[in-house]
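> Next comes the structure file data.cif, holding mmCIF, C-alpha atoms and all ligand atoms.
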```cif
data_target
loop_
_atom_site.label_atom_id
_atom_site.label_comp_id
_atom_site.auth_asym_id
_atom_site.auth_seq_id
_atom_site.Cartn_x
_atom_site.Cartn_y
_atom_site.Cartn_z
CA MET A 9 129.55 107.58 94.03
CA THR A 10 133.10 108.28 95.16
CA ALA A 11 133.62 108.92 98.88
CA THR A 12 136.55 111.24 99.68
CA LEU A 13 138.18 111.31 103.10
CA TYR A 14 139.70 114.67 104.06
CA THR A 15 142.16 114.09 106.83
CA GLY A 16 144.89 116.06 108.58
CA ILE A 17 142.39 118.84 109.42
CA GLY A 18 144.04 120.81 112.23
CA GLU A 19 140.77 122.56 113.09
CA LEU A 20 137.37 121.73 111.61
CA VAL A 21 134.71 124.43 112.03
CA THR A 22 131.33 122.67 111.79
CA ASN A 23 128.99 125.42 113.16
CA ASP A 24 127.30 122.58 115.04
CA PRO A 25 127.56 123.19 118.80
CA ALA A 26 126.98 119.48 119.39
CA GLN A 27 130.41 118.83 117.86
CA GLY A 28 133.87 119.21 119.35
CA ASP A 29 134.39 122.10 121.76
CA GLY A 30 130.65 122.79 122.13
CA SER A 31 131.02 126.42 121.02
CA ALA A 32 128.84 127.99 118.32
CA LEU A 33 131.59 127.09 115.84
CA GLY A 34 131.55 123.43 116.95
CA ARG A 35 135.34 123.18 116.50
CA LEU A 36 136.99 119.77 116.26
CA ALA A 37 140.78 119.43 116.53
CA ASP A 38 142.67 116.76 114.55
CA ALA A 39 139.56 116.06 112.54
CA ALA A 40 138.53 114.26 109.38
CA LEU A 41 135.53 114.59 107.08
CA VAL A 42 134.05 112.30 104.44
CA ALA A 43 132.27 113.83 101.42
CA GLU A 44 130.21 111.78 99.02
CA GLY A 45 128.16 113.00 96.07
CA GLY A 46 128.53 116.64 97.10
CA THR A 47 127.26 115.99 100.63
CA VAL A 48 129.03 115.57 103.95
CA ALA A 49 128.72 111.92 105.00
CA TRP A 50 130.76 111.93 108.22
CA VAL A 51 132.75 114.26 110.50
CA GLY A 52 134.77 113.31 113.56
CA PRO A 53 138.20 112.74 115.04
CA ALA A 54 140.80 111.62 112.50
CA SER A 55 141.54 108.60 114.69
CA ARG A 56 138.03 107.25 114.00
CA ALA A 57 137.81 108.10 110.30
CA PRO A 58 136.12 105.46 108.14
CA ALA A 59 137.64 104.10 104.95
CA ALA A 60 136.87 105.93 101.68
CA ASP A 61 137.63 105.65 97.97
CA ALA A 62 139.99 108.64 97.89
CA ARG A 63 141.98 110.52 100.49
CA VAL A 64 143.22 114.13 100.72
CA ASP A 65 145.66 115.03 103.49
CA LEU A 66 145.29 118.70 104.51
CA ALA A 67 148.49 118.70 106.58
CA GLY A 68 147.16 120.44 109.68
CA ARG A 69 145.24 123.20 107.92
CA ALA A 70 141.90 124.56 109.18
CA VAL A 71 138.69 123.74 107.29
CA LEU A 72 135.50 125.83 107.45
CA PRO A 73 132.12 125.73 105.75
CA GLY A 74 132.47 127.75 102.54
CA PHE A 75 131.62 131.41 103.02
CA VAL A 76 128.02 132.38 102.23
CA ASP A 77 128.05 135.88 100.72
CA SER A 78 124.41 136.95 100.91
CA HIS A 79 124.77 140.42 99.31
CA SER A 80 126.51 141.30 96.05
CA HIS A 81 125.97 143.38 92.92
CA LEU A 82 128.20 141.54 90.42
CA VAL A 83 126.34 142.54 87.24
CA PHE A 84 127.65 145.96 86.22
CA ALA A 85 129.86 147.81 83.79
CA GLY A 86 132.25 150.70 84.17
CA ASP A 87 134.68 151.83 86.82
CA ARG A 88 134.25 154.29 89.69
CA GLY A 89 137.83 154.46 90.87
CA GLU A 90 137.89 158.25 90.49
CA GLU A 91 134.79 158.54 92.72
CA PHE A 92 136.57 156.38 95.33
CA ALA A 93 139.69 158.54 95.13
CA ALA A 94 137.61 161.70 95.55
CA ARG A 95 135.95 160.20 98.66
CA MET A 96 139.32 159.38 100.14
CA ALA A 97 140.17 163.05 99.61
CA GLY A 98 137.10 164.04 101.64
CA ARG A 99 134.08 164.02 99.32
CA ALA A 100 130.97 162.44 100.87
CA TYR A 101 129.18 159.41 99.42
CA ALA A 102 125.61 159.90 98.18
CA ALA A 103 123.17 157.43 96.68
CA GLY A 104 123.24 159.24 93.31
CA GLY A 105 126.59 157.71 92.27
CA ILE A 106 124.60 154.62 91.27
CA ALA A 107 123.41 156.54 88.17
CA SER A 108 126.86 156.51 86.56
CA THR A 109 126.93 152.69 86.72
CA VAL A 110 123.38 152.58 85.36
CA ALA A 111 124.48 154.55 82.28
CA ALA A 112 127.42 152.18 81.74
CA VAL A 113 125.23 149.07 82.09
CA ARG A 114 122.65 150.35 79.62
CA ALA A 115 125.47 150.91 77.09
CA ALA A 116 127.08 147.49 77.64
CA ASP A 117 126.15 144.35 75.74
CA ASP A 118 125.24 141.09 77.45
CA ALA A 119 128.61 139.50 76.75
CA ALA A 120 130.50 142.30 78.49
CA LEU A 121 128.19 142.22 81.52
CA ALA A 122 128.45 138.43 81.77
CA ALA A 123 132.24 138.50 81.47
CA THR A 124 132.57 140.94 84.38
CA ALA A 125 130.12 138.99 86.53
CA GLN A 126 131.91 135.72 85.79
CA ARG A 127 135.30 137.23 86.62
CA LEU A 128 134.01 138.50 89.96
CA ALA A 129 132.30 135.18 90.75
CA ALA A 130 135.63 133.46 90.10
CA GLU A 131 137.30 135.90 92.51
CA LEU A 132 134.71 135.08 95.18
CA ARG A 133 135.21 131.35 94.76
CA ALA A 134 139.00 131.60 94.77
CA GLN A 135 138.78 133.25 98.22
CA GLY A 136 136.63 130.55 99.78
CA THR A 137 133.06 131.63 98.99
CA THR A 138 130.86 128.73 97.92
CA THR A 139 127.36 130.30 97.95
CA PHE A 140 126.58 133.85 96.87
CA GLU A 141 123.63 136.08 96.09
CA VAL A 142 123.63 138.48 93.12
CA LYS A 143 121.34 141.50 92.65
CA SER A 144 120.24 143.44 89.61
CA GLY A 145 119.79 147.16 90.14
CA TYR A 146 122.02 148.87 87.62
CA GLY A 147 119.66 148.51 84.64
CA LEU A 148 116.48 150.22 85.89
CA THR A 149 114.50 149.64 82.69
CA VAL A 150 112.36 146.56 82.17
CA ALA A 151 114.70 145.16 79.52
CA ASP A 152 117.94 146.05 81.34
CA GLU A 153 116.80 144.67 84.70
CA ARG A 154 115.70 141.47 82.97
CA ARG A 155 118.97 140.90 81.19
CA CYS A 156 120.96 141.62 84.37
CA LEU A 157 118.87 139.05 86.23
CA ALA A 158 119.35 136.49 83.46
CA ILE A 159 123.13 136.97 83.72
CA ALA A 160 122.95 136.64 87.52
CA ALA A 161 120.89 133.46 87.19
CA GLU A 162 123.72 131.87 85.18
CA LEU A 163 125.90 132.24 88.28
CA THR A 164 123.65 131.46 91.23
CA ASP A 165 120.16 130.44 92.39
CA GLU A 166 120.20 133.35 94.85
CA VAL A 167 119.07 136.08 92.48
CA THR A 168 117.58 139.35 93.74
CA PHE A 169 115.51 141.88 91.80
CA LEU A 170 116.64 145.38 92.81
CA GLY A 171 114.72 147.54 90.35
CA ALA A 172 114.26 149.86 93.35
CA HIS A 173 117.94 150.76 93.66
CA LEU A 174 117.51 154.37 92.52
CA VAL A 175 114.92 156.40 90.65
CA PRO A 176 116.62 156.59 87.24
CA PRO A 177 117.28 160.01 85.66
CA GLU A 178 114.44 159.72 83.11
CA PHE A 179 111.95 159.50 86.04
CA ALA A 180 113.56 162.34 88.04
CA GLY A 181 110.37 164.41 87.94
CA ASP A 182 108.08 161.44 88.47
CA PRO A 183 109.29 159.11 91.21
CA GLU A 184 105.75 157.77 91.70
CA GLY A 185 105.75 156.79 88.03
CA TYR A 186 108.93 154.79 88.56
CA VAL A 187 107.47 152.98 91.60
CA ALA A 188 104.44 152.14 89.44
CA LEU A 189 106.76 150.69 86.79
CA VAL A 190 108.75 148.66 89.35
CA THR A 191 105.61 147.24 90.96
CA GLY A 192 103.90 146.68 87.61
CA GLU A 193 105.48 145.79 84.29
CA MET A 194 109.04 145.46 85.63
CA LEU A 195 108.06 143.12 88.46
CA GLU A 196 105.95 141.01 86.07
CA ALA A 197 108.96 140.63 83.76
CA CYS A 198 111.56 140.12 86.48
CA ALA A 199 109.89 138.01 89.18
CA PRO A 200 110.23 134.74 87.21
CA LEU A 201 114.01 135.20 87.15
CA ALA A 202 114.48 136.00 90.84
CA ARG A 203 114.08 134.46 94.29
CA TRP A 204 114.25 137.78 96.18
CA ILE A 205 113.26 141.44 95.93
CA ASP A 206 115.27 144.24 97.55
CA VAL A 207 114.81 148.01 97.97
CA PHE A 208 117.41 150.69 98.78
CA VAL A 209 115.64 152.59 101.57
CA GLU A 210 117.58 155.81 101.99
CA ASP A 211 117.42 159.57 101.47
CA GLY A 212 118.01 160.01 97.74
CA ALA A 213 116.67 156.52 96.97
CA PHE A 214 113.27 155.20 98.24
CA ASP A 215 111.24 156.25 101.28
CA ALA A 216 109.28 153.94 103.57
CA ASP A 217 105.97 154.25 101.70
CA ALA A 218 107.50 153.48 98.31
CA ALA A 219 109.53 150.62 99.78
CA ARG A 220 106.48 149.14 101.47
CA SER A 221 104.51 149.07 98.24
CA ILE A 222 107.45 147.60 96.29
CA LEU A 223 108.18 144.89 98.87
CA THR A 224 104.51 144.03 99.28
CA ALA A 225 104.11 143.69 95.50
CA GLY A 226 107.22 141.49 95.37
CA ALA A 227 105.87 139.23 98.11
CA ALA A 228 102.60 138.91 96.17
CA HIS A 229 104.70 137.58 93.27
CA GLY A 230 106.29 134.97 95.53
CA LEU A 231 109.58 136.75 96.16
CA GLY A 232 111.33 136.78 99.53
CA LEU A 233 112.24 140.18 100.95
CA ARG A 234 115.58 141.89 101.56
CA VAL A 235 116.20 145.56 102.37
CA HIS A 236 119.18 147.93 102.03
CA ALA A 237 118.58 149.59 105.39
CA ASN A 238 120.08 152.31 107.59
CA GLN A 239 123.29 152.67 105.57
CA LEU A 240 123.73 156.44 105.50
CA GLY A 241 121.49 157.45 108.39
CA PRO A 242 118.94 156.12 110.91
CA GLY A 243 116.12 155.72 108.38
CA PRO A 244 113.02 153.52 108.33
CA GLY A 245 114.58 150.51 106.51
CA VAL A 246 115.28 148.21 109.45
CA ALA A 247 111.86 148.78 111.03
CA LEU A 248 110.17 148.06 107.71
CA ALA A 249 112.27 144.94 107.07
CA CYS A 250 111.35 143.53 110.48
CA GLU A 251 107.68 144.48 110.15
CA LEU A 252 107.38 142.78 106.75
CA GLY A 253 109.33 139.68 107.78
CA ALA A 254 112.26 140.28 105.43
CA ALA A 255 114.98 137.64 105.48
CA SER A 256 117.61 140.31 105.93
CA ALA A 257 118.20 143.99 106.64
CA ASP A 258 121.54 144.89 105.09
CA HIS A 259 124.07 147.57 106.14
CA CYS A 260 122.63 148.49 109.61
CA THR A 261 125.33 151.12 110.10
CA HIS A 262 123.05 153.67 111.82
CA LEU A 263 120.66 151.99 114.26
CA ARG A 264 118.42 153.38 117.02
CA ASP A 265 117.67 151.29 120.10
CA ALA A 266 114.26 150.44 118.60
CA ASP A 267 115.95 149.09 115.44
CA VAL A 268 118.23 146.85 117.47
CA ALA A 269 115.27 145.61 119.51
CA ALA A 270 113.23 144.96 116.35
CA LEU A 271 116.06 142.89 114.84
CA ALA A 272 116.52 140.96 118.08
CA ASP A 273 112.80 140.19 118.27
CA SER A 274 112.40 139.11 114.65
CA ALA A 275 113.69 136.46 112.24
CA THR A 276 115.24 139.23 110.12
CA VAL A 277 119.01 138.83 109.98
CA ALA A 278 121.20 141.92 110.40
CA THR A 279 123.66 141.65 107.52
CA LEU A 280 126.69 143.86 108.02
CA VAL A 281 128.71 144.93 104.99
CA PRO A 282 131.69 146.76 106.52
CA GLY A 283 133.48 146.81 103.15
CA ALA A 284 130.97 149.51 102.19
CA ASP A 285 131.65 151.50 105.35
CA PHE A 286 135.37 151.20 104.64
CA SER A 287 135.02 152.29 101.03
CA THR A 288 132.58 155.14 101.61
CA ARG A 289 134.75 156.39 104.47
CA SER A 290 131.70 156.15 106.66
CA PRO A 291 132.00 158.03 109.97
CA ALA A 292 130.88 154.84 111.71
CA TYR A 293 130.95 151.10 111.24
CA PRO A 294 127.94 148.98 112.20
CA ASP A 295 127.95 148.00 115.86
CA GLY A 296 127.88 144.23 115.58
CA ARG A 297 128.59 143.83 119.30
CA ARG A 298 125.41 145.70 120.21
CA LEU A 299 123.38 143.55 117.83
CA LEU A 300 124.80 140.26 119.11
CA ASP A 301 124.44 141.30 122.75
CA ALA A 302 120.78 142.14 122.08
CA GLY A 303 120.21 138.69 120.58
CA ALA A 304 120.04 139.52 116.85
CA THR A 305 121.37 137.12 114.22
CA VAL A 306 124.29 138.76 112.40
CA ALA A 307 125.61 137.92 108.93
CA LEU A 308 128.58 139.35 107.03
CA ALA A 309 128.63 139.96 103.27
CA THR A 310 130.86 141.74 100.76
CA ASP A 311 128.22 143.96 99.06
CA CYS A 312 130.60 143.71 96.09
CA ASN A 313 129.70 146.64 93.79
CA PRO A 314 131.68 149.21 91.81
CA GLY A 315 130.56 152.22 93.87
CA THR A 316 130.84 151.48 97.54
CA SER A 317 132.51 148.13 98.12
CA TYR A 318 134.58 146.81 95.25
CA THR A 319 135.80 143.73 97.09
CA THR A 320 135.03 140.03 96.61
CA SER A 321 136.93 139.06 99.74
CA MET A 322 135.00 137.56 102.64
CA PRO A 323 138.31 137.28 104.58
CA PHE A 324 138.72 141.07 104.28
CA VAL A 325 135.14 141.55 105.53
CA ILE A 326 135.81 139.21 108.46
CA ALA A 327 138.93 141.17 109.40
CA LEU A 328 136.98 144.47 109.27
CA ALA A 329 134.15 143.01 111.36
CA VAL A 330 136.60 141.93 114.03
CA ARG A 331 138.52 145.18 114.10
CA GLU A 332 135.68 147.67 113.54
CA CYS A 333 132.33 146.03 114.40
CA GLY A 334 133.20 144.41 117.73
CA LEU A 335 132.89 140.77 116.66
CA SER A 336 135.29 138.14 117.96
CA PRO A 337 137.07 136.11 115.26
CA ALA A 338 134.75 133.19 116.06
CA GLU A 339 131.62 135.38 115.79
CA ALA A 340 132.82 136.84 112.51
CA VAL A 341 133.50 133.42 110.99
CA TRP A 342 130.05 132.22 112.11
CA ALA A 343 128.45 135.35 110.61
CA ALA A 344 130.27 134.80 107.29
CA THR A 345 129.10 131.18 107.06
CA ALA A 346 126.03 130.16 109.12
CA GLY A 347 124.94 133.81 109.37
CA GLY A 348 124.99 134.23 105.59
CA ALA A 349 123.01 131.00 105.23
CA ALA A 350 120.40 132.34 107.69
CA ALA A 351 120.19 135.58 105.69
CA LEU A 352 119.35 133.47 102.62
CA ARG A 353 117.03 131.20 104.66
CA ARG A 354 119.16 128.20 103.73
CA ASP A 355 119.88 125.30 106.05
CA ASP A 356 121.81 123.13 103.57
CA VAL A 357 124.89 125.40 103.55
CA GLY A 358 126.94 127.24 106.17
CA ARG A 359 127.44 124.13 108.33
CA LEU A 360 129.47 120.96 108.03
CA GLY A 361 127.69 117.93 109.38
CA PRO A 362 126.17 114.81 107.86
CA GLY A 363 123.61 115.80 105.23
CA HIS A 364 124.92 119.32 104.66
CA ALA A 365 126.48 120.43 101.39
CA ALA A 366 130.15 119.48 101.22
CA HIS A 367 131.22 123.07 100.57
CA LEU A 368 134.64 123.15 102.19
CA THR A 369 137.01 126.08 102.47
CA VAL A 370 140.56 125.40 103.56
CA LEU A 371 142.87 127.93 105.21
CA ASP A 372 146.62 127.98 104.81
CA ALA A 373 146.62 128.40 108.58
CA PRO A 374 145.96 126.29 111.67
CA SER A 375 142.80 128.09 112.85
CA HIS A 376 139.94 130.38 111.86
CA VAL A 377 141.49 133.15 113.98
CA HIS A 378 144.09 133.72 111.27
CA LEU A 379 141.44 135.17 108.94
CA ALA A 380 141.49 138.35 111.05
CA TYR A 381 144.95 137.91 112.58
CA ARG A 382 146.58 137.91 109.11
CA PRO A 383 144.57 140.56 107.25
CA GLY A 384 145.14 140.85 103.52
CA VAL A 385 146.92 137.50 103.27
CA PRO A 386 145.28 135.07 100.80
CA LEU A 387 144.74 132.20 103.23
CA ALA A 388 141.31 130.90 102.14
CA HIS A 389 140.92 128.57 99.15
CA PRO A 390 138.53 125.99 97.80
CA VAL A 391 139.42 122.59 99.24
CA PRO A 392 141.65 120.53 96.92
CA GLN A 393 139.98 117.66 95.08
CA PRO A 394 141.52 114.17 95.12
CA ASP A 395 143.88 113.33 92.21
O1 LIG B 1 124.88 148.39 98.75
N1 LIG B 1 123.41 150.97 98.94
C1 LIG B 1 123.07 150.84 97.79
N2 LIG B 1 123.66 150.13 96.86
C2 LIG B 1 125.03 149.72 96.87
C3 LIG B 1 125.92 150.70 96.27
C4 LIG B 1 125.44 151.38 95.12
C5 LIG B 1 126.42 152.18 94.35
O2 LIG B 1 126.90 153.24 94.83
O3 LIG B 1 126.68 151.76 93.22
C6 LIG B 1 125.44 149.37 98.27
O4 LIG B 1 126.29 149.99 98.90
FE FE B 2 124.25 146.64 98.22
#
```
Take the structure in this file and express it as structure tokens.

Amino acid sequence: MTATLYTGIGELVTNDPAQGDGSALGRLADAALVAEGGTVAWVGPASRAPAADARVDLAGRAVLPGFVDSHSHLVFAGDRGEEFAARMAGRAYAAGGIASTVAAVRAADDAALAATAQRLAAELRAQGTTTFEVKSGYGLTVADERRCLAIAAELTDEVTFLGAHLVPPEFAGDPEGYVALVTGEMLEACAPLARWIDVFVEDGAFDADAARSILTAGAAHGLGLRVHANQLGPGPGVALACELGAASADHCTHLRDADVAALADSATVATLVPGADFSTRSPAYPDGRRLLDAGATVALATDCNPGTSYTTSMPFVIALAVRECGLSPAEAVWAATAGGAAALRRDDVGRLGPGHAAHLTVLDAPSHVHLAYRPGVPLAHPVPQPD
């Protein structure tokens, strides 16, 4: 196995408070890191770096754990640019827009769906993301959900079954019939391809009773739980996610005090997706400050999807979280790395210390602060490999 020494690291973010400055980011100045066989073997001051087979000099740049994007919908077809433009002209967002993407997905062949998903995954990686989750949810028939999950599984191990994204038009008069399909034949067919199950709990999507039966059925099939919660109003999603022990409640834009307390008192991560609030022209952004001050664990994710957040950029999400959600740059970087790992219940990624995955993201900048300080500038890249 080849050991590679990365040196000339102006700032190394380890997310290990036992390292360096003792902060949550565990920042080391003038650092070096040795990677071997895909795993971090050593981190420390450059002056004490051990010998290695190959050497890469990063010339004073900052290095972070690769971003962990715990919420995306990369398997889709079609374009909703006109819907976005109409929203920017004042039209409100409603859950029903999902149906136009569902029609496009049903009409698309596997090759077209896979090509789009691969292109978006490449965009994520090019901007410093090294672990990402992908959901189904735009097929909404047994066969279409299955093929979307199979395409997602080609890209990542973090695959989520979201048959409960919307009641599709053919079940408009029979929502109970659709819940029966999701919890029955569709779940049977889809569970073997997924690690997680998710439900969009919202007016116009699924109510608390339907979501409870869907999530409970998913858990009985061995799936971990995630919930689209409290995006458009203060609904029951967060309370349900916490009650059922979901790994994550995502969106959290409209929270009551009891929701914040439930998140703080549970192992359910509050995953903020401010790209969606940006793109829906939401009247409010999620209050990350309130969540952190209460003691909740906060993650950031792109929610990349064609309707409400067509971005693959974790740096953009970090900048929004700093400017609009009350996170400091350090808190936002933690949420986009260790927070995302917590939302996926992973302890191998999101940190850089001996034994962790050697997923390194390098910034064309001297510190993590630049991710928010220089919004829109493509600073984050995969770390270069030795020649
Ligand atoms: O996370 N909230 C539900 N689902 C997606 C968007 C769905 C769509 O409009 O296509 C989201 O924002
Ligand atoms: Fe989503």
> Hey, could you make a per-residue contact list for range 10-92 of chain A against range 253-259 of chain A with 12 Å as the cut-off, showing the nearest pair of atoms and its distance in Å to one decimal, counting all atoms listed in the file, sorted by chain and number, as a Markdown table?

```
| residue | atom | partner | partner_atom | distance |
| --- | --- | --- | --- | --- |
| A:Asp77 | CA | A:Asp258 | CA | 11.9 |
| A:Ser78 | CA | A:Ser256 | CA | 9.1 |
| A:His79 | CA | A:Asp258 | CA | 8.0 |
| A:Ser80 | CA | A:Asp258 | CA | 10.9 |
```
> Rank nothing, just name the residue among A:Gly181, A:Gly192, A:Pro200, A:Gly52 nearest to Gly230 in chain A, using all atoms listed in the file.
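Nearest to Gly230 in chain A: A:Pro200.
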> List as JSON lines every residue of chain A that is in contact with ligand LIG 1 (chain B), defined as an atom at most 9 Å from one of its atoms (using all atoms listed in the file), together with the nearest atom pair and the distance in Å rounded to one decimal, sorted by chain and then rising number.

```
{"residue": "A:His79", "atom": "CA", "partner": "B:LIG1", "partner_atom": "O1", "distance": 8.0}
{"residue": "A:Ser80", "atom": "CA", "partner": "B:LIG1", "partner_atom": "O1", "distance": 7.8}
{"residue": "A:His81", "atom": "CA", "partner": "B:LIG1", "partner_atom": "C2", "distance": 7.5}
{"residue": "A:Arg88", "atom": "CA", "partner": "B:LIG1", "partner_atom": "O3", "distance": 8.7}
{"residue": "A:Tyr101", "atom": "CA", "partner": "B:LIG1", "partner_atom": "O2", "distance": 8.0}
{"residue": "A:Ala102", "atom": "CA", "partner": "B:LIG1", "partner_atom": "O2", "distance": 7.6}
{"residue": "A:Ala103", "atom": "CA", "partner": "B:LIG1", "partner_atom": "O2", "distance": 5.9}
{"residue": "A:Gly104", "atom": "CA", "partner": "B:LIG1", "partner_atom": "O2", "distance": 7.2}
{"residue": "A:Gly105", "atom": "CA", "partner": "B:LIG1", "partner_atom": "O2", "distance": 5.2}
{"residue": "A:Ile106", "atom": "CA", "partner": "B:LIG1", "partner_atom": "O3", "distance": 4.0}
{"residue": "A:Ala107", "atom": "CA", "partner": "B:LIG1", "partner_atom": "O3", "distance": 7.7}
{"residue": "A:Ser108", "atom": "CA", "partner": "B:LIG1", "partner_atom": "O3", "distance": 8.2}
{"residue": "A:Thr109", "atom": "CA", "partner": "B:LIG1", "partner_atom": "O3", "distance": 6.6}
{"residue": "A:Val110", "atom": "CA", "partner": "B:LIG1", "partner_atom": "O3", "distance": 8.6}
{"residue": "A:Gly145", "atom": "CA", "partner": "B:LIG1", "partner_atom": "N2", "distance": 8.3}
{"residue": "A:Tyr146", "atom": "CA", "partner": "B:LIG1", "partner_atom": "O3", "distance": 7.8}
{"residue": "A:His173", "atom": "CA", "partner": "B:LIG1", "partner_atom": "N2", "distance": 6.6}
{"residue": "A:Leu174", "atom": "CA", "partner": "B:LIG1", "partner_atom": "C1", "distance": 8.4}
{"residue": "A:Val207", "atom": "CA", "partner": "B:LIG1", "partner_atom": "C1", "distance": 8.7}
{"residue": "A:Phe208", "atom": "CA", "partner": "B:LIG1", "partner_atom": "C1", "distance": 5.7}
{"residue": "A:Val209", "atom": "CA", "partner": "B:LIG1", "partner_atom": "N1", "distance": 8.4}
{"residue": "A:Glu210", "atom": "CA", "partner": "B:LIG1", "partner_atom": "N1", "distance": 8.2}
{"residue": "A:Ala213", "atom": "CA", "partner": "B:LIG1", "partner_atom": "C1", "distance": 8.6}
{"residue": "A:His236", "atom": "CA", "partner": "B:LIG1", "partner_atom": "N1", "distance": 6.1}
{"residue": "A:Ala237", "atom": "CA", "partner": "B:LIG1", "partner_atom": "N1", "distance": 8.2}
{"residue": "A:Gln239", "atom": "CA", "partner": "B:LIG1", "partner_atom": "N1", "distance": 6.8}
{"residue": "A:Leu240", "atom": "CA", "partner": "B:LIG1", "partner_atom": "N1", "distance": 8.5}
{"residue": "A:Asp258", "atom": "CA", "partner": "B:LIG1", "partner_atom": "O1", "distance": 8.0}
{"residue": "A:His259", "atom": "CA", "partner": "B:LIG1", "partner_atom": "O1", "distance": 7.5}
{"residue": "A:Val281", "atom": "CA", "partner": "B:LIG1", "partner_atom": "O1", "distance": 8.1}
{"residue": "A:Gly283", "atom": "CA", "partner": "B:LIG1", "partner_atom": "O4", "distance": 8.9}
{"residue": "A:Ala284", "atom": "CA", "partner": "B:LIG1", "partner_atom": "O4", "distance": 5.7}
{"residue": "A:Asp285", "atom": "CA", "partner": "B:LIG1", "partner_atom": "O4", "distance": 8.5}
{"residue": "A:Thr288", "atom": "CA", "partner": "B:LIG1", "partner_atom": "O4", "distance": 8.6}
{"residue": "A:Asp311", "atom": "CA", "partner": "B:LIG1", "partner_atom": "O1", "distance": 5.6}
{"residue": "A:Cys312", "atom": "CA", "partner": "B:LIG1", "partner_atom": "O1", "distance": 7.9}
{"residue": "A:Asn313", "atom": "CA", "partner": "B:LIG1", "partner_atom": "O3", "distance": 6.0}
{"residue": "A:Pro314", "atom": "CA", "partner": "B:LIG1", "partner_atom": "O3", "distance": 5.8}
{"residue": "A:Gly315", "atom": "CA", "partner": "B:LIG1", "partner_atom": "O2", "distance": 3.9}
{"residue": "A:Thr316", "atom": "CA", "partner": "B:LIG1", "partner_atom": "O4", "distance": 5.0}
{"residue": "A:Ser317", "atom": "CA", "partner": "B:LIG1", "partner_atom": "O4", "distance": 6.5}
```
> Using all atoms listed in the file and a cutoff of 12 Å, can you tell me which residues are near (134.8, 142.6, 81.1) in the file's coordinates, and write them out as a PyMOL selection string?
chain A and resi 82-87+113+116-128
> Rounded to one decimal in Å, what is the spacing between CA of Asp217 in chain A and CA of Tyr293 in chain A?
26.9 Å
> Skipping near chain neighbours, those fewer than 4 positions away, what residues fall within 8 Å of range 295-302 of chain A using all atoms listed in the file, listed as a PDB file with C-alpha atoms, in the coordinates of the input?

```
ATOM      1  CA  THR A 261     125.330 151.120 110.100  1.00  0.00           C
ATOM      2  CA  VAL A 268     118.230 146.850 117.470  1.00  0.00           C
ATOM      3  CA  ALA A 269     115.270 145.610 119.510  1.00  0.00           C
ATOM      4  CA  LEU A 271     116.060 142.890 114.840  1.00  0.00           C
ATOM      5  CA  ALA A 272     116.520 140.960 118.080  1.00  0.00           C
ATOM      6  CA  ALA A 278     121.200 141.920 110.400  1.00  0.00           C
ATOM      7  CA  LEU A 280     126.690 143.860 108.020  1.00  0.00           C
ATOM      8  CA  VAL A 306     124.290 138.760 112.400  1.00  0.00           C
ATOM      9  CA  ALA A 329     134.150 143.010 111.360  1.00  0.00           C
ATOM     10  CA  CYS A 333     132.330 146.030 114.400  1.00  0.00           C
ATOM     11  CA  GLY A 334     133.200 144.410 117.730  1.00  0.00           C
ATOM     12  CA  LEU A 335     132.890 140.770 116.660  1.00  0.00           C
TER      13      LEU A 335
END
```
> So, with all atoms listed in the file as the atoms that count, which of A:Val76, A:Ala39, A:Leu379, A:Val142 lies closest to ligand FE 2 (chain B)?
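Of the candidates, the smallest distance to ligand FE 2 (chain B) is held by A:Val142.
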> Near Pro58 in chain A, counting only C-alpha atoms, which residues have an atom at most 9 Å away, once you skip same-chain residues fewer than 5 positions from it, shown as a ChimeraX atom specification?
/A:13,42,50
> Please reconstruct the missing atoms of range 374-381 of chain A (target: N, CA and C atoms) and return them as a PDB file, in the coordinates of the input.

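See rebuild.pdb below for the written result:
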```
ATOM      1  N   PRO A 374     146.461 127.333 110.769  1.00  0.00           N
ATOM      2  CA  PRO A 374     145.960 126.290 111.670  1.00  0.00           C
ATOM      3  C   PRO A 374     144.604 126.570 112.284  1.00  0.00           C
ATOM      4  N   SER A 375     144.102 127.820 112.221  1.00  0.00           N
ATOM      5  CA  SER A 375     142.800 128.090 112.850  1.00  0.00           C
ATOM      6  C   SER A 375     142.092 129.248 112.174  1.00  0.00           C
ATOM      7  N   HIS A 376     140.769 129.308 112.428  1.00  0.00           N
ATOM      8  CA  HIS A 376     139.940 130.380 111.860  1.00  0.00           C
ATOM      9  C   HIS A 376     140.390 131.757 112.301  1.00  0.00           C
ATOM     10  N   VAL A 377     141.070 131.840 113.457  1.00  0.00           N
ATOM     11  CA  VAL A 377     141.490 133.150 113.980  1.00  0.00           C
ATOM     12  C   VAL A 377     142.392 133.872 112.983  1.00  0.00           C
ATOM     13  N   HIS A 378     143.142 133.103 112.206  1.00  0.00           N
ATOM     14  CA  HIS A 378     144.090 133.720 111.270  1.00  0.00           C
ATOM     15  C   HIS A 378     143.416 134.574 110.205  1.00  0.00           C
ATOM     16  N   LEU A 379     142.114 134.357 109.957  1.00  0.00           N
ATOM     17  CA  LEU A 379     141.440 135.170 108.940  1.00  0.00           C
ATOM     18  C   LEU A 379     141.468 136.654 109.317  1.00  0.00           C
ATOM     19  N   ALA A 380     141.389 136.954 110.609  1.00  0.00           N
ATOM     20  CA  ALA A 380     141.490 138.350 111.050  1.00  0.00           C
ATOM     21  C   ALA A 380     142.903 138.702 111.515  1.00  0.00           C
ATOM     22  N   TYR A 381     143.594 137.716 112.036  1.00  0.00           N
ATOM     23  CA  TYR A 381     144.950 137.910 112.580  1.00  0.00           C
ATOM     24  C   TYR A 381     145.950 138.211 111.456  1.00  0.00           C
TER      25      TYR A 381
END
```
